[in-house]
Amino acid sequence: MAMFKASVRSRILAGYDEAGLLAGVHQTLYPLKTSNMFLTAGFLQARAGRLMLSLAGHPALLHFQRDSGEICEYASADLPLGILPEQAFSSRQIECRPGDILLLLTDGIMEAANPAGDELGIEPVKSGLRQWKDLPLQQVFGNIRGLALGFGKQADDQTMLLVRRLT
């Protein structure tokens with residue numbers, strides 16, 4: 001993780017765009033890792049008035065659209081970093097309006113399992129996002145985290161990035 005963070009930071013400071021950032025990080029990490037290691041990653045970057053998204057094997061970005069109340073899912077188009085010696089990465093523009101909420105989360109939240117082995121899944125998270133849309137993001141975070149903790153055992157990391165466009 002330290003190598004990943006250092007590689008990302010150096011490329012951000014060098015002005016790489018989202019897809020170029022992922023490609024550069026992959027080129028740095030691939031020769032240094034063991035054969036069974038890979039990394040999922042998601043990047044949101046505001047650039048010249050646009051919001052750009054790149055996902056490398058990462059769970060979909062959830063986009064709550066305030067105007068319609070709908071949640072769009074932007075799935076990863078690319079493999080995780082470290083799968084193949086040569087990989088290409090893509091990015092896409094996200095149209096985000098005032099009041100919209102973006103949620104990028106790790107699979108550990110969706111994979112929280114109850115005693116029967118059933119996983120939480122994404123639908124309760126989406127339902128909660130609709131329900132808590134007017135709360136401060138800190139409370140939305142706490143509610144989603146509480147949803148996973150209350151459902152069952154966590155076997156993987158649980159990380160979230162919440163973004164609300166204000167204007």
# chains A, B, ... in the order shown; residues from 1 in each chain; ligands from 1

$ residues_around --residues "range 20-22 of chain A" --least-positions-apart "2" --cutoff "12 Å" --atoms "only C-alpha atoms" --output "PyMOL selection string"
chain A and resi 4-18+24-30+39-45+53-57+78-82+86-91

$ select_by_dssp --residues "range 22-107 of chain A" --states "alpha helix (DSSP H)" --output "count of residues only"
9

$ closest_residue --among "A:Asp157, A:Asp118, A:Glu123, A:Asp67" --to "Thr106 in chain A" --atoms "only C-alpha atoms"
A:Asp157

$ residues_around --residues "range 133-137 of chain A" --least-positions-apart "3" --cutoff "10 Å" --atoms "only C-alpha atoms" --output "list in words"
Phe64, Gln65, Arg66, Gly69, Gly99, Asp100, Ile101, Gly128, Leu129, Arg130, Val140, Phe141, Gly142, Asn143, Leu161, Leu162, Val163 and Arg164 of chain A

$ closest_residue --among "A:Leu105, A:Ile71, A:Leu149, A:Leu51" --to "Arg165 in chain A" --atoms "only C-alpha atoms"
A:Leu51

$ closest_residue --among "A:Lys153, A:Arg47, A:Ala148, A:Pro98" --to "Pro115 in chain A" --atoms "only C-alpha atoms"
A:Lys153

$ residues_around --residues "range 108-114 of chain A" --least-positions-apart "3" --cutoff "10 Å" --atoms "only C-alpha atoms" --output "compact mmCIF listing (two decimals) with N, CA and C atoms, in the first residue's frame"
# COMPACT_ATOMS: atom_id res chain seq x y z
N PRO A 59 -15.31 -1.81 -7.19
CA PRO A 59 -16.78 -1.79 -7.27
C PRO A 59 -17.28 -0.49 -7.90
N LEU A 105 -17.16 2.90 -2.77
CA LEU A 105 -16.91 2.09 -1.58
C LEU A 105 -16.21 0.79 -1.94
N GLY A 117 -24.47 -16.63 6.31
CA GLY A 117 -23.55 -16.51 5.18
C GLY A 117 -24.06 -15.62 4.06
N ASP A 118 -25.24 -15.04 4.23
CA ASP A 118 -25.77 -14.13 3.22
C ASP A 118 -25.03 -12.81 3.29
N GLU A 119 -24.72 -12.22 2.12
CA GLU A 119 -24.02 -10.94 2.08
C GLU A 119 -25.02 -9.79 2.03
N LEU A 120 -24.61 -8.65 2.56
CA LEU A 120 -25.45 -7.45 2.57
C LEU A 120 -25.83 -7.05 1.15
N GLY A 121 -24.88 -7.01 0.24
CA GLY A 121 -25.15 -6.62 -1.14
C GLY A 121 -25.23 -5.11 -1.30
N ILE A 122 -25.53 -4.67 -2.50
CA ILE A 122 -25.53 -3.24 -2.81
C ILE A 122 -26.90 -2.59 -2.63
N GLU A 123 -27.98 -3.35 -2.76
CA GLU A 123 -29.31 -2.74 -2.71
C GLU A 123 -29.61 -2.03 -1.39
N PRO A 124 -29.28 -2.59 -0.22
CA PRO A 124 -29.52 -1.84 1.02
C PRO A 124 -28.70 -0.54 1.10
N VAL A 125 -27.52 -0.55 0.52
CA VAL A 125 -26.69 0.67 0.49
C VAL A 125 -27.37 1.72 -0.38
N ILE A 144 -24.20 4.22 6.69
CA ILE A 144 -23.81 3.10 5.81
C ILE A 144 -22.90 2.15 6.55
N ARG A 145 -21.96 2.69 7.29
CA ARG A 145 -21.06 1.85 8.09
C ARG A 145 -21.86 1.05 9.11
N GLY A 146 -22.83 1.69 9.77
CA GLY A 146 -23.69 1.01 10.73
C GLY A 146 -24.54 -0.07 10.09
N LEU A 147 -24.97 0.17 8.86
CA LEU A 147 -25.73 -0.83 8.12
C LEU A 147 -24.91 -2.10 7.94
N ALA A 148 -23.65 -1.94 7.55
CA ALA A 148 -22.77 -3.10 7.36
C ALA A 148 -22.45 -3.78 8.69
N LEU A 149 -22.12 -2.99 9.70
CA LEU A 149 -21.79 -3.57 11.01
C LEU A 149 -22.98 -4.30 11.61
N GLY A 150 -24.16 -3.74 11.44
CA GLY A 150 -25.36 -4.36 11.99
C GLY A 150 -25.79 -5.61 11.23
N PHE A 151 -25.36 -5.74 9.99
CA PHE A 151 -25.76 -6.89 9.19
C PHE A 151 -24.99 -8.13 9.57
N GLY A 152 -23.69 -7.97 9.80
CA GLY A 152 -22.91 -9.15 10.15
C GLY A 152 -21.42 -8.95 10.07
N LYS A 153 -20.72 -10.05 10.01
CA LYS A 153 -19.26 -10.09 10.08
C LYS A 153 -18.60 -9.40 8.89
N GLN A 154 -17.56 -8.62 9.20
CA GLN A 154 -16.77 -7.97 8.18
C GLN A 154 -15.45 -8.72 8.03
N ALA A 155 -15.18 -9.19 6.81
CA ALA A 155 -13.96 -9.95 6.57
C ALA A 155 -12.95 -9.17 5.72
N ASP A 156 -13.35 -7.99 5.24
CA ASP A 156 -12.48 -7.20 4.36
C ASP A 156 -12.59 -5.74 4.78
N ASP A 157 -11.67 -4.93 4.25
CA ASP A 157 -11.69 -3.51 4.61
C ASP A 157 -12.99 -2.85 4.15
N GLN A 158 -13.36 -1.81 4.88
CA GLN A 158 -14.58 -1.07 4.58
C GLN A 158 -14.22 0.41 4.48
N THR A 159 -14.07 0.84 3.25
CA THR A 159 -13.66 2.22 2.98
C THR A 159 -14.70 2.87 2.09
N MET A 160 -14.97 4.15 2.35
CA MET A 160 -15.92 4.90 1.54
C MET A 160 -15.38 6.28 1.22

$ decode --residues "range 47-59 of chain A" --atoms "N, CA and C atoms" --output "compact mmCIF listing (two decimals), in the first residue's frame"
# COMPACT_ATOMS: atom_id res chain seq x y z
N ARG A 47 -11.15 18.24 -13.12
CA ARG A 47 -10.15 18.79 -14.02
C ARG A 47 -10.85 19.70 -15.03
N ALA A 48 -10.48 20.96 -15.03
CA ALA A 48 -11.02 21.93 -15.99
C ALA A 48 -12.55 21.93 -16.01
N GLY A 49 -13.16 21.92 -14.82
CA GLY A 49 -14.61 21.98 -14.72
C GLY A 49 -15.32 20.67 -14.99
N ARG A 50 -14.57 19.60 -15.18
CA ARG A 50 -15.16 18.29 -15.44
C ARG A 50 -14.81 17.36 -14.29
N LEU A 51 -15.68 16.39 -14.05
CA LEU A 51 -15.41 15.37 -13.05
C LEU A 51 -15.14 14.07 -13.80
N MET A 52 -13.94 13.53 -13.61
CA MET A 52 -13.52 12.33 -14.33
C MET A 52 -13.41 11.16 -13.36
N LEU A 53 -13.80 9.97 -13.84
CA LEU A 53 -13.78 8.75 -13.04
C LEU A 53 -12.96 7.68 -13.75
N SER A 54 -12.10 7.02 -12.99
CA SER A 54 -11.38 5.84 -13.47
C SER A 54 -11.51 4.76 -12.41
N LEU A 55 -11.86 3.56 -12.86
CA LEU A 55 -11.98 2.42 -11.96
C LEU A 55 -11.18 1.26 -12.54
N ALA A 56 -10.36 0.66 -11.71
CA ALA A 56 -9.58 -0.51 -12.11
C ALA A 56 -10.00 -1.68 -11.23
N GLY A 57 -11.00 -2.43 -11.69
CA GLY A 57 -11.48 -3.58 -10.95
C GLY A 57 -12.20 -3.24 -9.66
N HIS A 58 -12.45 -1.99 -9.43
CA HIS A 58 -13.08 -1.51 -8.19
C HIS A 58 -14.60 -1.61 -8.31
N PRO A 59 -15.31 -1.81 -7.19
CA PRO A 59 -16.78 -1.79 -7.27
C PRO A 59 -17.28 -0.49 -7.90
